[in-house]
Amino acid sequence: MHILETKLARLQEIVGSLESVVLGFSGGADSTLLLKVSLDVLGRTKVLAVTFHSEIQSENELTHALQLAQSMDAQHLVIEGNELQNDLFVTNPPDRCYYCKLRRYRQLLSLAAERQFRNVIDGSNYSDLADYRPGIKALLELGIKSPLQEAQLTKDDVRALSFKLDLPTWNRPAQACLASRIPYGQRITALALQQVAKAEKVLSDAGFSLCRVRRHGEVARIEVPRQDLVRLFQQPGIDDIVQAIKATGFRYVAVDLEGYRTGSLNELLEPNE
């Protein structure tokens, strides 16, 4: 049996042992694959997908998650995240994600108990264990299951299986929360998040589907994949892009010549952090 098929069989076995699940559903490649397998193995009535609506995600992500859950005929619930009411989050420490996950998954545990679902699961994959992911600590503390990790499905495995299962998210760019665009120690505000979201929409509308705008005070630091840098500078609309990003409130627009990479702001952390 091919190794990917072996991992899928293991994932199905793990999910089947959980009996009924509440799934934190973002609509990304990981949680969509997990939702698909959960529905196939457990059936519709034993699976509840939950999406958080919050200022740390763009409205496009919520719309995408709603449409995706509907297309999969899943039970789906949207609840408010309210992260900006949590001072431990908005002060933006290096373990910011820990406080977000802790709050969100406590809500999901309460919801699961109220509706008599046996387990709460999330879509963290095996590759996440090699990255700086303070949110994983919260999941472990709360006893949240991560079936993709348990089945040792990497990021590439998830995309390959999603393609095999004809899921539209197989090649969807990663969508980290908007707070990840703000350097640690700088307070997270609704205004800063909206500014980043608008600036990234400028790039997306210009054809750069994978992009980040990191907010360094008055400076917007653009990240696009390195292979897209030439296209960014050569296209005739570069001046329009700069002016549109400045219109969101930035005074300066800079391009990171290292290109897009996940968690680039983590490069500022000392090893002990």
# chains A, B, ... in the order shown; residues from 1 in each chain; ligands from 1
>>> residues_around(residues="stretch 89-94 of chain A", least_positions_apart="3", cutoff="8 Å", atoms="only C-alpha atoms", output="list in words")
Glu83, Leu84, Gln85, Asn86, Cys97, Tyr99, Cys100, Pro183, Tyr184, Gly185, Gln186, Arg187, Ile188, Thr189, Leu269 and Glu273 of chain A
>>> select_by_dssp(residues="stretch 8-244 of chain A", states="alpha helix (DSSP H)", output="ChimeraX atom specification")
/A:8-17,29-42,59-71,87-90,96-115,135-142,147-150,155-164,190-205,229-234,238-244
>>> residues_around(residues="A:Gly24", least_positions_apart="2", cutoff="8 Å", atoms="only C-alpha atoms", output="ChimeraX atom specification")
/A:22,26,31,49-51,108,120-123
>>> closest_residue(among="A:Trp170, A:Phe208, A:Tyr252, A:Tyr260", to="A:Ala29", atoms="only C-alpha atoms")
A:Trp170
>>> closest_residue(among="A:Val158, A:Ala113, A:Leu153, A:Leu139", to="A:Thr32", atoms="only C-alpha atoms")
A:Val158
>>> select_by_dssp(residues="stretch 31-197 of chain A", states="strand (DSSP E or B)", output="ChimeraX atom specification")
/A:47-53,75-80,119-121,145
>>> write_last_selection(atoms="all heavy atoms", output="compact mmCIF listing (two decimals), in the first residue's frame")
# COMPACT_ATOMS: atom_id res chain seq x y z
N VAL A 47 -20.71 15.05 13.54
CA VAL A 47 -19.65 16.04 13.28
C VAL A 47 -20.24 17.44 13.29
O VAL A 47 -21.25 17.70 12.63
CB VAL A 47 -18.98 15.78 11.91
CG1 VAL A 47 -17.88 16.82 11.65
CG2 VAL A 47 -18.42 14.37 11.83
N LEU A 48 -19.63 18.32 14.07
CA LEU A 48 -20.03 19.73 14.08
C LEU A 48 -18.79 20.58 13.79
O LEU A 48 -17.84 20.58 14.56
CB LEU A 48 -20.63 20.12 15.44
CG LEU A 48 -20.98 21.61 15.61
CD1 LEU A 48 -22.05 22.03 14.60
CD2 LEU A 48 -21.43 21.90 17.04
N ALA A 49 -18.82 21.28 12.67
CA ALA A 49 -17.73 22.20 12.32
C ALA A 49 -18.05 23.57 12.90
O ALA A 49 -19.17 24.06 12.79
CB ALA A 49 -17.59 22.28 10.80
N VAL A 50 -17.05 24.18 13.53
CA VAL A 50 -17.24 25.50 14.15
C VAL A 50 -16.19 26.47 13.63
O VAL A 50 -14.99 26.18 13.68
CB VAL A 50 -17.16 25.42 15.69
CG1 VAL A 50 -17.36 26.81 16.30
CG2 VAL A 50 -18.19 24.44 16.25
N THR A 51 -16.66 27.60 13.14
CA THR A 51 -15.76 28.64 12.64
C THR A 51 -15.89 29.87 13.53
O THR A 51 -17.00 30.28 13.89
CB THR A 51 -16.13 29.02 11.20
OG1 THR A 51 -16.00 27.86 10.37
CG2 THR A 51 -15.21 30.12 10.66
N PHE A 52 -14.75 30.44 13.89
CA PHE A 52 -14.75 31.65 14.69
C PHE A 52 -14.77 32.87 13.79
O PHE A 52 -13.99 32.96 12.84
CB PHE A 52 -13.52 31.69 15.61
CG PHE A 52 -13.61 30.75 16.77
CD1 PHE A 52 -13.15 29.45 16.66
CD2 PHE A 52 -14.18 31.16 17.97
CE1 PHE A 52 -13.25 28.56 17.73
CE2 PHE A 52 -14.27 30.29 19.04
CZ PHE A 52 -13.81 28.99 18.93
N HIS A 53 -15.66 33.81 14.12
CA HIS A 53 -15.72 35.08 13.41
C HIS A 53 -15.03 36.12 14.28
O HIS A 53 -15.42 36.34 15.42
CB HIS A 53 -17.18 35.49 13.16
CG HIS A 53 -17.31 36.81 12.47
ND1 HIS A 53 -18.19 37.78 12.89
CD2 HIS A 53 -16.64 37.33 11.41
CE1 HIS A 53 -18.08 38.84 12.09
NE2 HIS A 53 -17.16 38.59 11.20
N GLN A 75 -22.81 20.05 9.31
CA GLN A 75 -23.36 20.90 10.34
C GLN A 75 -22.31 21.96 10.65
O GLN A 75 -21.15 21.63 10.91
CB GLN A 75 -23.65 20.10 11.62
CG GLN A 75 -24.72 19.06 11.50
CD GLN A 75 -25.04 18.48 12.86
OE1 GLN A 75 -25.87 19.03 13.60
NE2 GLN A 75 -24.38 17.39 13.21
N HIS A 76 -22.71 23.22 10.64
CA HIS A 76 -21.72 24.29 10.75
C HIS A 76 -22.26 25.40 11.64
O HIS A 76 -23.40 25.83 11.49
CB HIS A 76 -21.38 24.84 9.36
CG HIS A 76 -20.24 25.80 9.35
ND1 HIS A 76 -20.21 26.90 8.51
CD2 HIS A 76 -19.10 25.84 10.07
CE1 HIS A 76 -19.07 27.56 8.71
NE2 HIS A 76 -18.40 26.94 9.65
N LEU A 77 -21.41 25.85 12.53
CA LEU A 77 -21.79 26.91 13.47
C LEU A 77 -20.71 27.99 13.44
O LEU A 77 -19.51 27.69 13.39
CB LEU A 77 -21.90 26.33 14.88
CG LEU A 77 -22.42 27.23 15.99
CD1 LEU A 77 -23.88 27.62 15.73
CD2 LEU A 77 -22.31 26.50 17.34
N VAL A 78 -21.12 29.26 13.46
CA VAL A 78 -20.19 30.38 13.53
C VAL A 78 -20.36 31.06 14.89
O VAL A 78 -21.49 31.38 15.29
CB VAL A 78 -20.45 31.41 12.41
CG1 VAL A 78 -19.51 32.62 12.56
CG2 VAL A 78 -20.25 30.76 11.05
N ILE A 79 -19.25 31.23 15.61
CA ILE A 79 -19.32 31.90 16.91
C ILE A 79 -18.27 33.02 16.95
O ILE A 79 -17.29 32.99 16.21
CB ILE A 79 -19.13 30.93 18.09
CG1 ILE A 79 -17.79 30.21 18.03
CG2 ILE A 79 -20.26 29.93 18.15
CD1 ILE A 79 -17.57 29.25 19.17
N GLU A 80 -18.50 33.99 17.82
CA GLU A 80 -17.61 35.14 17.92
C GLU A 80 -16.34 34.79 18.68
O GLU A 80 -16.39 34.12 19.72
CB GLU A 80 -18.32 36.31 18.60
CG GLU A 80 -19.50 36.86 17.81
CD GLU A 80 -19.09 37.42 16.46
OE1 GLU A 80 -18.04 38.10 16.38
OE2 GLU A 80 -19.80 37.17 15.47
N ASN A 119 -15.62 14.45 21.58
CA ASN A 119 -14.27 14.99 21.47
C ASN A 119 -14.25 16.30 20.70
O ASN A 119 -15.14 16.58 19.88
CB ASN A 119 -13.35 14.00 20.77
CG ASN A 119 -13.02 12.79 21.63
OD1 ASN A 119 -12.17 12.86 22.52
ND2 ASN A 119 -13.71 11.68 21.39
N VAL A 120 -13.22 17.09 20.97
CA VAL A 120 -12.94 18.30 20.19
C VAL A 120 -11.62 18.07 19.45
O VAL A 120 -10.64 17.60 20.03
CB VAL A 120 -12.82 19.54 21.10
CG1 VAL A 120 -12.42 20.77 20.28
CG2 VAL A 120 -14.14 19.79 21.82
N ILE A 121 -11.60 18.40 18.16
CA ILE A 121 -10.41 18.15 17.35
C ILE A 121 -10.00 19.42 16.60
O ILE A 121 -10.82 20.32 16.38
CB ILE A 121 -10.62 17.00 16.34
CG1 ILE A 121 -11.78 17.31 15.37
CG2 ILE A 121 -10.89 15.70 17.07
CD1 ILE A 121 -11.97 16.24 14.29
N LYS A 145 -7.70 16.82 20.53
CA LYS A 145 -7.10 15.83 19.63
C LYS A 145 -6.68 16.49 18.32
O LYS A 145 -7.40 17.35 17.80
CB LYS A 145 -8.09 14.70 19.32
CG LYS A 145 -8.78 14.09 20.53
CD LYS A 145 -7.85 13.26 21.37
CE LYS A 145 -8.61 12.55 22.48
NZ LYS A 145 -7.71 11.79 23.37
>>> residues_around(residues="A:Arg215", least_positions_apart="4", cutoff="10 Å", atoms="only C-alpha atoms", output="ChimeraX atom specification")
/A:179-183,186,192-193,195-196,199,219-222,250,253
>>> residues_around(residues="A:Leu8", least_positions_apart="4", cutoff="9 Å", atoms="only C-alpha atoms", output="mmCIF file with N, CA and C atoms, in the first residue's frame")
data_model
loop_
_atom_site.group_PDB
_atom_site.id
_atom_site.type_symbol
_atom_site.label_atom_id
_atom_site.label_comp_id
_atom_site.auth_asym_id
_atom_site.auth_seq_id
_atom_site.Cartn_x
_atom_site.Cartn_y
_atom_site.Cartn_z
ATOM 1 N N ILE A 3 2.357 4.854 0.849
ATOM 2 C CA ILE A 3 2.469 5.461 2.176
ATOM 3 C C ILE A 3 1.359 6.472 2.443
ATOM 4 N N LEU A 4 0.930 7.192 1.401
ATOM 5 C CA LEU A 4 -0.148 8.167 1.573
ATOM 6 C C LEU A 4 -1.464 7.464 1.897
ATOM 7 N N GLN A 12 -8.354 7.702 9.187
ATOM 8 C CA GLN A 12 -9.738 7.231 9.287
ATOM 9 C C GLN A 12 -9.952 6.403 10.554
ATOM 10 N N GLU A 13 -8.969 5.606 10.897
ATOM 11 C CA GLU A 13 -9.043 4.791 12.111
ATOM 12 C C GLU A 13 -9.081 5.674 13.366
ATOM 13 N N VAL A 37 -12.868 13.818 6.043
ATOM 14 C CA VAL A 37 -12.665 12.464 6.576
ATOM 15 C C VAL A 37 -13.624 12.206 7.733
ATOM 16 N N ALA A 151 -1.699 10.915 12.812
ATOM 17 C CA ALA A 151 -1.503 10.068 11.624
ATOM 18 C C ALA A 151 -0.236 10.440 10.860
ATOM 19 N N LEU A 153 0.533 13.106 9.168
ATOM 20 C CA LEU A 153 0.290 13.726 7.863
ATOM 21 C C LEU A 153 0.964 15.092 7.821
ATOM 22 N N LEU A 161 -3.395 14.512 -0.433
ATOM 23 C CA LEU A 161 -4.643 13.804 -0.151
ATOM 24 C C LEU A 161 -5.856 14.642 -0.538
#
>>> atom_distance(atom1="atom CA of A:His216", atom2="atom CA of A:Gly27")
28.5 Å
>>> closest_residue(among="A:Arg115, A:Arg251, A:Asp157, A:Glu5", to="A:Gly217", atoms="only C-alpha atoms")
A:Arg251
>>> residues_around(residues="A:Ser204", least_positions_apart="2", cutoff="12 Å", atoms="only C-alpha atoms", output="short mmCIF file (atom, residue, chain, number, x, y, z; two decimals) with N, CA and C atoms, in the first residue's frame")
data_model
loop_
_atom_site.label_atom_id
_atom_site.label_comp_id
_atom_site.auth_asym_id
_atom_site.auth_seq_id
_atom_site.Cartn_x
_atom_site.Cartn_y
_atom_site.Cartn_z
N ASN A 60 -13.33 37.61 4.02
CA ASN A 60 -13.27 36.64 2.93
C ASN A 60 -13.09 35.21 3.46
N PRO A 173 -3.67 28.89 -0.66
CA PRO A 173 -2.57 29.46 0.14
C PRO A 173 -2.90 29.46 1.62
N ALA A 197 -5.38 44.02 6.48
CA ALA A 197 -6.30 43.29 5.60
C ALA A 197 -6.54 44.07 4.29
N LYS A 198 -6.70 45.37 4.40
CA LYS A 198 -6.92 46.19 3.20
C LYS A 198 -5.69 46.21 2.30
N ALA A 199 -4.52 46.31 2.92
CA ALA A 199 -3.28 46.34 2.14
C ALA A 199 -3.05 45.01 1.42
N GLU A 200 -3.35 43.90 2.10
CA GLU A 200 -3.17 42.60 1.46
C GLU A 200 -4.19 42.39 0.35
N LYS A 201 -5.37 42.98 0.50
CA LYS A 201 -6.37 42.87 -0.57
C LYS A 201 -5.89 43.60 -1.82
N VAL A 202 -5.17 44.70 -1.65
CA VAL A 202 -4.59 45.41 -2.79
C VAL A 202 -3.68 44.47 -3.59
N ALA A 206 -4.28 42.49 -7.28
CA ALA A 206 -3.29 42.68 -8.35
C ALA A 206 -2.73 41.36 -8.86
N GLY A 207 -3.23 40.24 -8.30
CA GLY A 207 -2.82 38.93 -8.81
C GLY A 207 -1.82 38.19 -7.95
N PHE A 208 -1.54 38.70 -6.75
CA PHE A 208 -0.60 38.03 -5.86
C PHE A 208 -1.40 37.31 -4.77
N SER A 209 -1.80 36.07 -5.05
CA SER A 209 -2.68 35.34 -4.15
C SER A 209 -1.99 34.96 -2.85
N LEU A 210 -0.67 34.75 -2.91
CA LEU A 210 0.10 34.45 -1.70
C LEU A 210 0.94 35.68 -1.38
N CYS A 211 0.57 36.35 -0.30
CA CYS A 211 1.27 37.58 0.06
C CYS A 211 1.08 37.86 1.55
N ARG A 212 1.95 38.68 2.07
CA ARG A 212 1.81 39.18 3.43
C ARG A 212 2.21 40.65 3.43
N VAL A 213 1.53 41.43 4.27
CA VAL A 213 1.95 42.80 4.54
C VAL A 213 2.22 42.89 6.03
N ILE A 222 6.16 44.34 2.38
CA ILE A 222 5.48 43.37 1.52
C ILE A 222 6.31 42.10 1.37
N GLU A 223 5.65 40.97 1.52
CA GLU A 223 6.27 39.68 1.20
C GLU A 223 5.43 38.99 0.13
N VAL A 224 6.05 38.65 -0.98
CA VAL A 224 5.46 37.77 -1.99
C VAL A 224 6.50 36.69 -2.27
N LEU A 232 6.23 41.61 -9.63
CA LEU A 232 5.76 42.73 -8.82
C LEU A 232 6.36 44.05 -9.31
N ILE A 241 -0.30 50.13 -6.97
CA ILE A 241 -0.23 49.29 -5.77
C ILE A 241 0.31 50.09 -4.59
N ILE A 245 -1.82 51.02 -1.20
CA ILE A 245 -1.38 50.60 0.14
C ILE A 245 -1.19 51.80 1.05
#
>>> residues_around(residues="A:Asp73", least_positions_apart="3", cutoff="8 Å", atoms="only C-alpha atoms", output="list in words")
Arg44, Ala69 and Gln70 of chain A
>>> write_last_selection(atoms="N, CA, C and O atoms", output="mmCIF file, in the first residue's frame")
data_model
loop_
_atom_site.group_PDB
_atom_site.id
_atom_site.type_symbol
_atom_site.label_atom_id
_atom_site.label_comp_id
_atom_site.auth_asym_id
_atom_site.auth_seq_id
_atom_site.Cartn_x
_atom_site.Cartn_y
_atom_site.Cartn_z
ATOM 1 N N ARG A 44 -22.781 12.695 9.160
ATOM 2 C CA ARG A 44 -23.095 14.109 9.354
ATOM 3 C C ARG A 44 -23.521 14.447 10.775
ATOM 4 O O ARG A 44 -23.137 15.477 11.338
ATOM 5 N N ALA A 69 -18.347 24.656 3.965
ATOM 6 C CA ALA A 69 -19.112 23.768 4.846
ATOM 7 C C ALA A 69 -20.462 23.420 4.218
ATOM 8 O O ALA A 69 -20.919 22.272 4.298
ATOM 9 N N GLN A 70 -21.073 24.400 3.574
ATOM 10 C CA GLN A 70 -22.358 24.152 2.917
ATOM 11 C C GLN A 70 -22.195 23.172 1.764
ATOM 12 O O GLN A 70 -23.016 22.257 1.593
#
